[in-house]
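The structure file query_8.cif is reproduced below (mmCIF, C-alpha atoms; chains and numbers go by the auth columns).
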```cif
data_model
loop_
_atom_site.group_PDB
_atom_site.id
_atom_site.type_symbol
_atom_site.label_atom_id
_atom_site.label_comp_id
_atom_site.label_asym_id
_atom_site.label_seq_id
_atom_site.Cartn_x
_atom_site.Cartn_y
_atom_site.Cartn_z
_atom_site.B_iso_or_equiv
_atom_site.auth_seq_id
_atom_site.auth_asym_id
ATOM 1 C CA MET A 1 0.000 0.000 0.000 0.00 211 K
ATOM 2 C CA ARG A 2 2.780 2.409 0.905 0.00 212 K
ATOM 3 C CA GLU A 3 4.579 1.577 -2.313 0.00 213 K
ATOM 4 C CA ARG A 4 1.423 2.331 -4.338 0.00 214 K
ATOM 5 C CA ILE A 5 0.978 5.707 -2.608 0.00 215 K
ATOM 6 C CA ALA A 6 4.632 6.575 -3.177 0.00 216 K
ATOM 7 C CA LEU A 7 4.294 5.624 -6.845 0.00 217 K
ATOM 8 C CA GLN A 8 1.195 7.821 -7.238 0.00 218 K
ATOM 9 C CA GLN A 9 2.985 10.747 -5.631 0.00 219 K
ATOM 10 C CA ARG A 10 5.908 10.245 -7.953 0.00 220 K
ATOM 11 C CA HIS A 11 3.580 10.333 -10.972 0.00 221 K
ATOM 12 C CA LYS A 12 1.963 13.519 -9.699 0.00 222 K
ATOM 13 C CA ARG A 13 5.358 15.208 -9.330 0.00 223 K
ATOM 14 C CA ALA A 14 6.334 14.082 -12.823 0.00 224 K
ATOM 15 C CA GLY A 15 3.055 15.434 -14.204 0.00 225 K
ATOM 16 C CA ARG A 16 3.882 18.863 -12.859 0.00 226 K
ATOM 17 C CA PHE A 17 6.904 19.012 -15.134 0.00 227 K
ATOM 18 C CA SER A 18 5.411 17.402 -18.222 0.00 228 K
ATOM 19 C CA GLY A 19 2.115 19.224 -18.576 0.00 229 K
ATOM 20 C CA PRO A 20 1.164 22.031 -20.977 0.00 230 K
ATOM 21 C CA GLY A 21 2.646 24.688 -18.688 0.00 231 K
ATOM 22 C CA PHE A 22 6.068 23.096 -18.740 0.00 232 K
ATOM 23 C CA GLU A 23 5.893 22.568 -22.488 0.00 233 K
ATOM 24 C CA ALA A 24 5.016 26.247 -22.987 0.00 234 K
ATOM 25 C CA PHE A 25 7.895 27.313 -20.743 0.00 235 K
ATOM 26 C CA SER A 26 10.254 24.978 -22.586 0.00 236 K
ATOM 27 C CA SER A 27 9.125 26.414 -25.919 0.00 237 K
ATOM 28 C CA ILE A 28 9.622 30.009 -24.734 0.00 238 K
ATOM 29 C CA PHE A 29 13.035 29.130 -23.344 0.00 239 K
ATOM 30 C CA GLY A 30 13.966 27.504 -26.661 0.00 240 K
ATOM 31 C CA PHE A 31 13.086 30.675 -28.563 0.00 241 K
ATOM 32 C CA VAL A 32 14.922 32.984 -26.167 0.00 242 K
ATOM 33 C CA TYR A 33 17.979 30.736 -26.042 0.00 243 K
ATOM 34 C CA THR A 34 18.069 30.430 -29.841 0.00 244 K
ATOM 35 C CA PHE A 35 17.740 34.196 -30.309 0.00 245 K
ATOM 36 C CA LEU A 36 20.540 34.966 -27.835 0.00 246 K
ATOM 37 C CA ALA A 37 22.801 32.270 -29.248 0.00 247 K
ATOM 38 C CA GLY A 38 22.004 33.391 -32.791 0.00 248 K
ATOM 39 C CA ASN A 39 23.009 36.979 -32.045 0.00 249 K
ATOM 40 C CA VAL A 40 26.270 35.806 -30.495 0.00 250 K
ATOM 41 C CA MET A 41 27.093 33.572 -33.454 0.00 251 K
ATOM 42 C CA LEU A 42 26.196 36.295 -35.946 0.00 252 K
ATOM 43 C CA ALA A 43 28.523 38.719 -34.170 0.00 253 K
ATOM 44 C CA LEU A 44 31.358 36.178 -34.157 0.00 254 K
ATOM 45 C CA ALA A 45 30.858 35.133 -37.776 0.00 255 K
ATOM 46 C CA ASN A 46 30.863 38.786 -38.875 0.00 256 K
ATOM 47 C CA ALA A 47 33.442 40.046 -36.376 0.00 257 K
ATOM 48 C CA PRO A 48 35.363 42.294 -38.835 0.00 258 K
ATOM 49 C CA LEU A 49 32.153 44.029 -39.874 0.00 259 K
ATOM 50 C CA VAL A 50 30.927 44.472 -36.294 0.00 260 K
ATOM 51 C CA LEU A 51 34.319 45.706 -35.088 0.00 261 K
ATOM 52 C CA CYS A 52 34.638 48.274 -37.866 0.00 262 K
ATOM 53 C CA LEU A 53 31.084 49.480 -37.279 0.00 263 K
ATOM 54 C CA ALA A 54 31.955 50.059 -33.644 0.00 264 K
ATOM 55 C CA LEU A 55 35.195 51.926 -34.455 0.00 265 K
ATOM 56 C CA VAL A 56 34.195 54.100 -37.424 0.00 266 K
ATOM 57 C CA ALA A 57 32.253 57.229 -36.514 0.00 267 K
ATOM 58 C CA ASP A 58 30.435 57.609 -39.840 0.00 268 K
ATOM 59 C CA PRO A 59 30.036 54.240 -41.591 0.00 269 K
ATOM 60 C CA MET A 60 27.822 55.701 -44.318 0.00 270 K
ATOM 61 C CA ALA A 61 30.718 57.842 -45.541 0.00 271 K
ATOM 62 C CA ALA A 62 32.675 54.627 -46.217 0.00 272 K
ATOM 63 C CA TRP A 63 29.736 52.522 -47.446 0.00 273 K
ATOM 64 C CA PRO A 64 31.710 50.627 -50.146 0.00 274 K
ATOM 65 C CA PHE A 65 34.152 49.382 -47.509 0.00 275 K
ATOM 66 C CA PHE A 66 31.378 48.199 -45.192 0.00 276 K
ATOM 67 C CA LEU A 67 29.443 46.682 -48.061 0.00 277 K
ATOM 68 C CA ALA A 68 32.556 44.689 -48.987 0.00 278 K
ATOM 69 C CA LEU A 69 32.883 43.503 -45.376 0.00 279 K
ATOM 70 C CA SER A 70 29.287 42.280 -45.451 0.00 280 K
ATOM 71 C CA VAL A 71 30.364 39.421 -47.739 0.00 281 K
ATOM 72 C CA THR A 72 30.534 37.298 -44.571 0.00 282 K
ATOM 73 C CA VAL A 73 26.838 37.836 -43.835 0.00 283 K
ATOM 74 C CA PRO A 74 25.217 35.258 -46.214 0.00 284 K
ATOM 75 C CA PRO A 75 26.951 32.145 -44.767 0.00 285 K
ATOM 76 C CA SER A 76 26.194 33.318 -41.224 0.00 286 K
ATOM 77 C CA LEU A 77 22.588 33.939 -42.235 0.00 287 K
ATOM 78 C CA ALA A 78 22.388 30.349 -43.464 0.00 288 K
ATOM 79 C CA GLY A 79 23.719 29.191 -40.102 0.00 289 K
ATOM 80 C CA LEU A 80 21.088 31.216 -38.268 0.00 290 K
ATOM 81 C CA PHE A 81 18.317 29.897 -40.522 0.00 291 K
ATOM 82 C CA ALA A 82 19.518 26.363 -39.796 0.00 292 K
ATOM 83 C CA ALA A 83 19.241 27.111 -36.067 0.00 293 K
ATOM 84 C CA PHE A 84 15.678 28.352 -36.641 0.00 294 K
ATOM 85 C CA GLN A 85 14.837 25.202 -38.554 0.00 295 K
ATOM 86 C CA ALA A 86 16.221 23.109 -35.694 0.00 296 K
ATOM 87 C CA LEU A 87 14.117 25.160 -33.280 0.00 297 K
ATOM 88 C CA ASN A 88 11.026 24.265 -35.289 0.00 298 K
ATOM 89 C CA ASP A 89 11.989 20.575 -35.353 0.00 299 K
ATOM 90 C CA ASP A 90 13.339 20.116 -31.818 0.00 300 K
ATOM 91 C CA GLY A 91 11.494 22.759 -29.779 0.00 301 K
ATOM 92 C CA GLY A 92 12.890 23.218 -26.292 0.00 302 K
ATOM 93 C CA ALA A 93 15.583 20.591 -26.889 0.00 303 K
ATOM 94 C CA VAL A 94 17.244 22.721 -29.561 0.00 304 K
ATOM 95 C CA LYS A 95 21.024 23.208 -29.532 0.00 305 K
ATOM 96 C CA PRO A 96 21.395 26.523 -31.386 0.00 306 K
ATOM 97 C CA PHE A 97 25.189 26.760 -31.304 0.00 307 K
ATOM 98 C CA ALA A 98 25.626 23.305 -32.817 0.00 308 K
ATOM 99 C CA SER A 99 22.799 23.885 -35.302 0.00 309 K
ATOM 100 C CA PHE A 100 24.322 27.201 -36.388 0.00 310 K
ATOM 101 C CA LEU A 101 27.731 25.653 -36.954 0.00 311 K
ATOM 102 C CA ARG A 102 26.301 22.707 -38.884 0.00 312 K
ATOM 103 C CA GLY A 103 24.203 24.988 -41.070 0.00 313 K
ATOM 104 C CA TYR A 104 27.129 27.336 -41.628 0.00 314 K
ATOM 105 C CA GLY A 105 29.460 24.554 -42.696 0.00 315 K
ATOM 106 C CA ARG A 106 26.885 22.724 -44.807 0.00 316 K
ATOM 107 C CA SER A 107 25.816 25.853 -46.715 0.00 317 K
ATOM 108 C CA PHE A 108 29.122 27.711 -46.987 0.00 318 K
ATOM 109 C CA ARG A 109 30.127 26.430 -50.445 0.00 319 K
ATOM 110 C CA ARG A 110 26.908 27.767 -51.964 0.00 320 K
ATOM 111 C CA THR A 111 26.157 30.835 -49.864 0.00 321 K
ATOM 112 C CA ALA A 112 29.681 32.301 -49.951 0.00 322 K
ATOM 113 C CA PRO A 113 29.768 32.706 -53.776 0.00 323 K
ATOM 114 C CA LEU A 114 26.185 33.925 -53.645 0.00 324 K
ATOM 115 C CA GLY A 115 27.140 36.558 -51.080 0.00 325 K
ATOM 116 C CA LEU A 116 30.127 37.647 -53.144 0.00 326 K
ATOM 117 C CA ALA A 117 27.968 38.021 -56.266 0.00 327 K
ATOM 118 C CA ALA A 118 25.323 39.980 -54.347 0.00 328 K
ATOM 119 C CA VAL A 119 27.930 42.321 -52.836 0.00 329 K
ATOM 120 C CA VAL A 120 29.545 42.958 -56.235 0.00 330 K
ATOM 121 C CA LEU A 121 26.166 43.724 -57.786 0.00 331 K
ATOM 122 C CA LEU A 122 25.204 46.029 -54.896 0.00 332 K
ATOM 123 C CA LEU A 123 28.533 47.832 -55.180 0.00 333 K
ATOM 124 C CA PHE A 124 27.923 48.334 -58.899 0.00 334 K
ATOM 125 C CA LEU A 125 24.404 49.631 -58.255 0.00 335 K
ATOM 126 C CA GLY A 126 25.625 51.874 -55.436 0.00 336 K
ATOM 127 C CA VAL A 127 28.266 53.475 -57.625 0.00 337 K
ATOM 128 C CA ASP A 128 25.679 53.966 -60.368 0.00 338 K
ATOM 129 C CA LEU A 129 23.293 55.539 -57.865 0.00 339 K
ATOM 130 C CA VAL A 130 25.914 58.089 -56.835 0.00 340 K
ATOM 131 C CA ALA A 131 26.819 58.800 -60.457 0.00 341 K
ATOM 132 C CA VAL A 132 23.292 59.339 -61.800 0.00 342 K
ATOM 133 C CA GLN A 133 22.174 61.723 -59.066 0.00 343 K
ATOM 134 C CA SER A 134 23.696 64.663 -60.946 0.00 344 K
ATOM 135 C CA MET A 135 22.212 63.643 -64.299 0.00 345 K
ATOM 136 C CA PRO A 136 19.046 65.136 -65.813 0.00 346 K
ATOM 137 C CA ALA A 137 17.419 61.684 -65.885 0.00 347 K
ATOM 138 C CA ALA A 138 18.046 61.111 -62.167 0.00 348 K
ATOM 139 C CA ALA A 139 14.315 61.180 -61.370 0.00 349 K
ATOM 140 C CA LEU A 140 13.860 58.171 -63.663 0.00 350 K
ATOM 141 C CA LEU A 141 17.084 56.257 -63.024 0.00 351 K
ATOM 142 C CA VAL A 142 17.261 56.483 -59.227 0.00 352 K
ATOM 143 C CA PRO A 143 14.027 54.525 -58.587 0.00 353 K
ATOM 144 C CA VAL A 144 15.134 51.857 -61.076 0.00 354 K
ATOM 145 C CA ILE A 145 18.510 51.435 -59.361 0.00 355 K
ATOM 146 C CA VAL A 146 16.924 51.372 -55.894 0.00 356 K
ATOM 147 C CA ALA A 147 14.409 48.749 -57.046 0.00 357 K
ATOM 148 C CA ALA A 148 17.223 46.632 -58.524 0.00 358 K
ATOM 149 C CA ALA A 149 19.161 46.820 -55.243 0.00 359 K
ATOM 150 C CA ALA A 150 16.070 45.879 -53.242 0.00 360 K
ATOM 151 C CA ALA A 151 15.412 42.926 -55.561 0.00 361 K
ATOM 152 C CA THR A 152 19.041 41.801 -55.201 0.00 362 K
ATOM 153 C CA VAL A 153 18.786 41.741 -51.414 0.00 363 K
ATOM 154 C CA SER A 154 15.379 40.024 -51.427 0.00 364 K
ATOM 155 C CA VAL A 155 16.424 37.313 -53.873 0.00 365 K
ATOM 156 C CA ALA A 156 19.702 36.692 -52.035 0.00 366 K
ATOM 157 C CA VAL A 157 17.935 36.195 -48.689 0.00 367 K
ATOM 158 C CA LEU A 158 15.336 33.913 -50.258 0.00 368 K
ATOM 159 C CA VAL A 159 18.056 31.834 -51.918 0.00 369 K
ATOM 160 C CA ILE A 160 19.838 31.466 -48.568 0.00 370 K
ATOM 161 C CA ALA A 161 16.587 30.296 -46.990 0.00 371 K
ATOM 162 C CA GLY A 162 16.100 27.892 -49.894 0.00 372 K
ATOM 163 C CA VAL A 163 19.587 26.465 -49.428 0.00 373 K
ATOM 164 C CA VAL A 164 18.653 25.592 -45.822 0.00 374 K
ATOM 165 C CA LEU A 165 15.132 24.373 -46.593 0.00 375 K
ATOM 166 C CA LEU A 166 16.043 22.440 -49.740 0.00 376 K
ATOM 167 C CA PRO A 167 19.672 21.349 -49.332 0.00 377 K
ATOM 168 C CA ASP A 168 19.494 19.022 -52.355 0.00 378 K
ATOM 169 C CA ALA A 169 18.175 21.669 -54.756 0.00 379 K
ATOM 170 C CA ARG A 170 20.531 23.213 -57.306 0.00 380 K
ATOM 171 C CA LEU A 171 21.577 26.799 -56.703 0.00 381 K
ATOM 172 C CA LYS A 172 20.470 27.884 -60.181 0.00 382 K
ATOM 173 C CA GLY A 173 16.992 26.501 -59.559 0.00 383 K
ATOM 174 C CA LEU A 174 16.826 28.213 -56.178 0.00 384 K
ATOM 175 C CA VAL A 175 17.759 31.557 -57.751 0.00 385 K
ATOM 176 C CA LYS A 176 14.973 31.219 -60.331 0.00 386 K
ATOM 177 C CA ALA A 177 12.452 30.147 -57.692 0.00 387 K
ATOM 178 C CA SER A 178 13.488 32.994 -55.380 0.00 388 K
ATOM 179 C CA LEU A 179 13.144 35.557 -58.153 0.00 389 K
ATOM 180 C CA TYR A 180 9.659 34.240 -58.890 0.00 390 K
ATOM 181 C CA LEU A 181 8.667 34.250 -55.206 0.00 391 K
ATOM 182 C CA CYS A 182 10.098 37.728 -54.746 0.00 392 K
ATOM 183 C CA VAL A 183 7.636 39.037 -57.334 0.00 393 K
ATOM 184 C CA GLN A 184 4.698 36.770 -56.526 0.00 394 K
ATOM 185 C CA ARG A 185 4.911 37.374 -52.755 0.00 395 K
ATOM 186 C CA TRP A 186 5.875 41.021 -53.096 0.00 396 K
ATOM 187 C CA TYR A 187 4.303 41.903 -49.756 0.00 397 K
ATOM 188 C CA LEU A 188 6.576 39.413 -47.985 0.00 398 K
ATOM 189 C CA SER A 189 9.564 40.859 -49.852 0.00 399 K
ATOM 190 C CA LEU A 190 8.536 44.344 -48.724 0.00 400 K
ATOM 191 C CA ALA A 191 8.212 43.180 -45.121 0.00 401 K
ATOM 192 C CA MET A 192 11.630 41.509 -45.394 0.00 402 K
ATOM 193 C CA LEU A 193 13.243 44.723 -46.616 0.00 403 K
ATOM 194 C CA VAL A 194 11.656 46.719 -43.781 0.00 404 K
ATOM 195 C CA LEU A 195 12.966 44.263 -41.181 0.00 405 K
ATOM 196 C CA LEU A 196 16.422 44.177 -42.740 0.00 406 K
ATOM 197 C CA GLY A 197 16.386 47.985 -42.781 0.00 407 K
ATOM 198 C CA ILE A 198 15.611 48.034 -39.053 0.00 408 K
ATOM 199 C CA ILE A 199 18.502 45.646 -38.391 0.00 409 K
ATOM 200 C CA ALA A 200 20.892 47.730 -40.506 0.00 410 K
ATOM 201 C CA SER A 201 19.780 50.958 -38.804 0.00 411 K
ATOM 202 C CA ALA A 202 20.258 49.437 -35.350 0.00 412 K
ATOM 203 C CA ALA A 203 23.725 48.179 -36.307 0.00 413 K
ATOM 204 C CA LEU A 204 24.714 51.607 -37.671 0.00 414 K
ATOM 205 C CA LEU A 205 23.391 53.615 -34.710 0.00 415 K
ATOM 206 C CA GLN A 206 24.424 51.266 -31.883 0.00 416 K
ATOM 207 C CA PRO A 207 26.726 48.551 -33.267 0.00 417 K
ATOM 208 C CA VAL A 208 27.179 46.633 -30.026 0.00 418 K
ATOM 209 C CA LEU A 209 23.598 46.771 -28.710 0.00 419 K
ATOM 210 C CA GLY A 210 22.143 46.565 -32.212 0.00 420 K
ATOM 211 C CA VAL A 211 23.978 43.347 -33.034 0.00 421 K
ATOM 212 C CA ALA A 212 23.459 41.919 -29.542 0.00 422 K
ATOM 213 C CA LEU A 213 19.677 42.407 -29.421 0.00 423 K
ATOM 214 C CA ALA A 214 18.030 43.156 -32.760 0.00 424 K
ATOM 215 C CA PRO A 215 19.007 40.680 -35.517 0.00 425 K
ATOM 216 C CA ALA A 216 17.796 37.220 -34.448 0.00 426 K
ATOM 217 C CA PRO A 217 14.154 38.006 -33.488 0.00 427 K
ATOM 218 C CA LEU A 218 13.624 40.063 -36.659 0.00 428 K
ATOM 219 C CA LEU A 219 15.443 37.537 -38.837 0.00 429 K
ATOM 220 C CA PHE A 220 13.195 34.832 -37.394 0.00 430 K
ATOM 221 C CA VAL A 221 10.248 36.670 -38.959 0.00 431 K
ATOM 222 C CA VAL A 222 12.184 36.892 -42.228 0.00 432 K
ATOM 223 C CA TRP A 223 12.917 33.164 -42.041 0.00 433 K
ATOM 224 C CA SER A 224 9.288 32.302 -41.259 0.00 434 K
ATOM 225 C CA ASN A 225 8.026 34.321 -44.225 0.00 435 K
ATOM 226 C CA ALA A 226 10.598 32.768 -46.557 0.00 436 K
ATOM 227 C CA ALA A 227 9.741 29.260 -45.356 0.00 437 K
ATOM 228 C CA PHE A 228 6.044 29.982 -45.871 0.00 438 K
ATOM 229 C CA ALA A 229 6.688 31.242 -49.415 0.00 439 K
ATOM 230 C CA PHE A 230 8.688 28.131 -50.360 0.00 440 K
ATOM 231 C CA HIS A 231 6.223 25.720 -48.766 0.00 441 K
ATOM 232 C CA ALA A 232 3.270 27.451 -50.441 0.00 442 K
ATOM 233 C CA ALA A 233 5.017 27.208 -53.810 0.00 443 K
ATOM 234 C CA LEU A 234 5.908 23.540 -53.325 0.00 444 K
ATOM 235 C CA ARG A 235 2.491 22.457 -52.051 0.00 445 K
ATOM 236 C CA PRO A 236 0.747 22.450 -55.485 0.00 446 K
ATOM 237 C CA ALA A 237 3.652 20.477 -56.978 0.00 447 K
ATOM 238 C CA GLN A 238 3.460 17.934 -54.176 0.00 448 K
ATOM 239 C CA THR A 239 -0.303 17.441 -54.578 0.00 449 K
ATOM 240 C CA THR A 240 -0.141 17.101 -58.350 0.00 450 K
ATOM 241 C CA PRO A 241 -0.303 13.383 -59.318 0.00 451 K
#
```
Here is a file; write its structure as structure tokens.
Amino acid sequence: MRERIALQQRHKRAGRFSGPGFEAFSSIFGFVYTFLAGNVMLALANAPLVLCLALVADPMAAWPFFLALSVTVPPSLAGLFAAFQALNDDGGAVKPFASFLRGYGRSFRRTAPLGLAAVVLLLFLGVDLVAVQSMPAAALLVPVIVAAAAATVSVAVLVIAGVVLLPDARLKGLVKASLYLCVQRWYLSLAMLVLLGIIASAALLQPVLGVALAPAPLLFVVWSNAAFAFHAALRPAQTTP
């Protein structure tokens, strides 16, 4: 009889830690832990960029230099997206540092050249933007250049998300799909650009606090929207006999 009572009490104590409340707490902890770890890993993976942002008083005056340093961002973004994917799969048991490193290493060979190409194109567009501002056709050319730069950033981020979501897909196919999704889901692309603008503004105004607090939660929204866009595009293909 005593053994049965002790066993019942043990089950009650175990139920306290395995009920919905504990699962909710574990889920919240998983998100917070992943966000904090993601910000740390982003700062480490882009240490030259973060350090120079903290040391230079006016980064906008040397924008080509900082844009060149941002070539390290795409592989680190793939690592962060991999940590988010692991968070979705594992919940509170997620290991964000290990997931980030695995995603970084697995995606580096494809995201590094992609980042280099995006940076070169943005540098070209930035130089053109400065050059055309004094031309008579500036009112027509400036919006075109700005739109091309925005499309470059949107497509690059979507491709990085696609590399994580669809690791077996070819990069050329992911670029085409991302360009299509960028236009089809234009509202998600606009939201992505707004969030990325907030992150960039925070990093420019307060490099240390901006990198320590802002990127991961906002990039999680970017990742969620990108994952939704890819899954919505793949769903008709999967249901087609």
message = Using Å and a single decimal, report how far CA of Val283 (chain K) sits from CA of Gly325 (chain K).
response = 7.4 Å
Assuming the chain letters and numbering stay as they are in my file, what does the PyMOL selection byres ((chain K and resi 402) around 12) actually select? List them as a PDB file with C-alpha atoms, in the frame of the given file.
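The file below, result.pdb, is the result:
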```
ATOM      1  CA  ALA K 360      16.070  45.879 -53.242  1.00  0.00           C
ATOM      2  CA  ALA K 361      15.412  42.926 -55.561  1.00  0.00           C
ATOM      3  CA  VAL K 363      18.786  41.741 -51.414  1.00  0.00           C
ATOM      4  CA  SER K 364      15.379  40.024 -51.427  1.00  0.00           C
ATOM      5  CA  VAL K 365      16.424  37.313 -53.873  1.00  0.00           C
ATOM      6  CA  ALA K 366      19.702  36.692 -52.035  1.00  0.00           C
ATOM      7  CA  VAL K 367      17.935  36.195 -48.689  1.00  0.00           C
ATOM      8  CA  LEU K 368      15.336  33.913 -50.258  1.00  0.00           C
ATOM      9  CA  CYS K 392      10.098  37.728 -54.746  1.00  0.00           C
ATOM     10  CA  ARG K 395       4.911  37.374 -52.755  1.00  0.00           C
ATOM     11  CA  TRP K 396       5.875  41.021 -53.096  1.00  0.00           C
ATOM     12  CA  TYR K 397       4.303  41.903 -49.756  1.00  0.00           C
ATOM     13  CA  LEU K 398       6.576  39.413 -47.985  1.00  0.00           C
ATOM     14  CA  SER K 399       9.564  40.859 -49.852  1.00  0.00           C
ATOM     15  CA  LEU K 400       8.536  44.344 -48.724  1.00  0.00           C
ATOM     16  CA  ALA K 401       8.212  43.180 -45.121  1.00  0.00           C
ATOM     17  CA  LEU K 403      13.243  44.723 -46.616  1.00  0.00           C
ATOM     18  CA  VAL K 404      11.656  46.719 -43.781  1.00  0.00           C
ATOM     19  CA  LEU K 405      12.966  44.263 -41.181  1.00  0.00           C
ATOM     20  CA  LEU K 406      16.422  44.177 -42.740  1.00  0.00           C
ATOM     21  CA  GLY K 407      16.386  47.985 -42.781  1.00  0.00           C
ATOM     22  CA  ILE K 408      15.611  48.034 -39.053  1.00  0.00           C
ATOM     23  CA  ILE K 409      18.502  45.646 -38.391  1.00  0.00           C
ATOM     24  CA  LEU K 428      13.624  40.063 -36.659  1.00  0.00           C
ATOM     25  CA  LEU K 429      15.443  37.537 -38.837  1.00  0.00           C
ATOM     26  CA  PHE K 430      13.195  34.832 -37.394  1.00  0.00           C
ATOM     27  CA  VAL K 431      10.248  36.670 -38.959  1.00  0.00           C
ATOM     28  CA  VAL K 432      12.184  36.892 -42.228  1.00  0.00           C
ATOM     29  CA  TRP K 433      12.917  33.164 -42.041  1.00  0.00           C
ATOM     30  CA  SER K 434       9.288  32.302 -41.259  1.00  0.00           C
ATOM     31  CA  ASN K 435       8.026  34.321 -44.225  1.00  0.00           C
ATOM     32  CA  ALA K 436      10.598  32.768 -46.557  1.00  0.00           C
TER      33      ALA K 436
END
```
task = Write out as a PyMOL selection string the residues lying within 8 Å of Pro284 (chain K), counting all atoms listed in the file and excluding same-chain residues fewer than 3 positions away.
result = chain K and resi 281+287-288+321-322+324-325+367+370
request  = Would you work out the distance separating CA of Thr362 (chain K) from CA of Thr282 (chain K), expressed in Å to one decimal?
outcome  =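 For CA of Thr362 (chain K) relative to CA of Thr282 (chain K), the distance reads 16.3 Å.
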ask   = Suppose you want the space between CA of Ser309 (chain K) and CA of Gly289 (chain K); what is it in Å?
value =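 Those two atoms sit 7.2 Å apart.
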Once the PyMOL selection byres ((chain K and resi 243) around 12) has been evaluated on this model, what residues remain selected, and can you format them as a compact mmCIF listing (two decimals) with C-alpha atoms, in the coordinates of the input?
```
# COMPACT_ATOMS: atom_id res chain seq x y z
CA PHE K 235 7.90 27.31 -20.74
CA SER K 236 10.25 24.98 -22.59
CA SER K 237 9.12 26.41 -25.92
CA ILE K 238 9.62 30.01 -24.73
CA PHE K 239 13.04 29.13 -23.34
CA GLY K 240 13.97 27.50 -26.66
CA PHE K 241 13.09 30.68 -28.56
CA VAL K 242 14.92 32.98 -26.17
CA THR K 244 18.07 30.43 -29.84
CA PHE K 245 17.74 34.20 -30.31
CA LEU K 246 20.54 34.97 -27.84
CA ALA K 247 22.80 32.27 -29.25
CA GLY K 248 22.00 33.39 -32.79
CA ASN K 249 23.01 36.98 -32.04
CA VAL K 250 26.27 35.81 -30.50
CA ALA K 293 19.24 27.11 -36.07
CA PHE K 294 15.68 28.35 -36.64
CA LEU K 297 14.12 25.16 -33.28
CA GLY K 301 11.49 22.76 -29.78
CA GLY K 302 12.89 23.22 -26.29
CA ALA K 303 15.58 20.59 -26.89
CA VAL K 304 17.24 22.72 -29.56
CA LYS K 305 21.02 23.21 -29.53
CA PRO K 306 21.40 26.52 -31.39
CA PHE K 307 25.19 26.76 -31.30
CA ALA K 426 17.80 37.22 -34.45
CA PRO K 427 14.15 38.01 -33.49
```
Each side padded by 8 Å, which centre and which edge lengths in Å (one decimal) define the axis-aligned box around the listed atoms of region 371-387 of chain K? Give them as AutoDock Vina command-line options.
```
--center_x 17.0 --center_y 25.3 --center_z -53.1 --size_x 25.1 --size_y 28.5 --size_z 30.5
```
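With distances restricted to only C-alpha atoms, K:Arg312 is the closest residue to Ser286 (chain K) from K:His441, K:Arg380, K:Lys386, K:Arg312.
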request  = Can you work out which one of K:Val418, K:Val369, K:Leu381, K:Ala272 has the shortest atom-to-atom distance to Leu333 (chain K), counting all atoms listed in the file?
outcome  = K:Ala272
ask   = Out of K:Ala422, K:Ala443, K:Leu252, K:Val356, which residue has the shortest atom-to-atom distance to Pro285 (chain K) when counting only C-alpha atoms?
value =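 Looking at the shortest contact to Pro285 (chain K), the residue is K:Leu252.
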task = Go through K:Leu290, K:Leu389, K:Leu339, K:Leu414 and flag the residue nearest Pro353 (chain K), using all atoms listed in the file for the distances.
result =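 Counting all atoms listed in the file, the residue closest to Pro353 (chain K) is K:Leu339.
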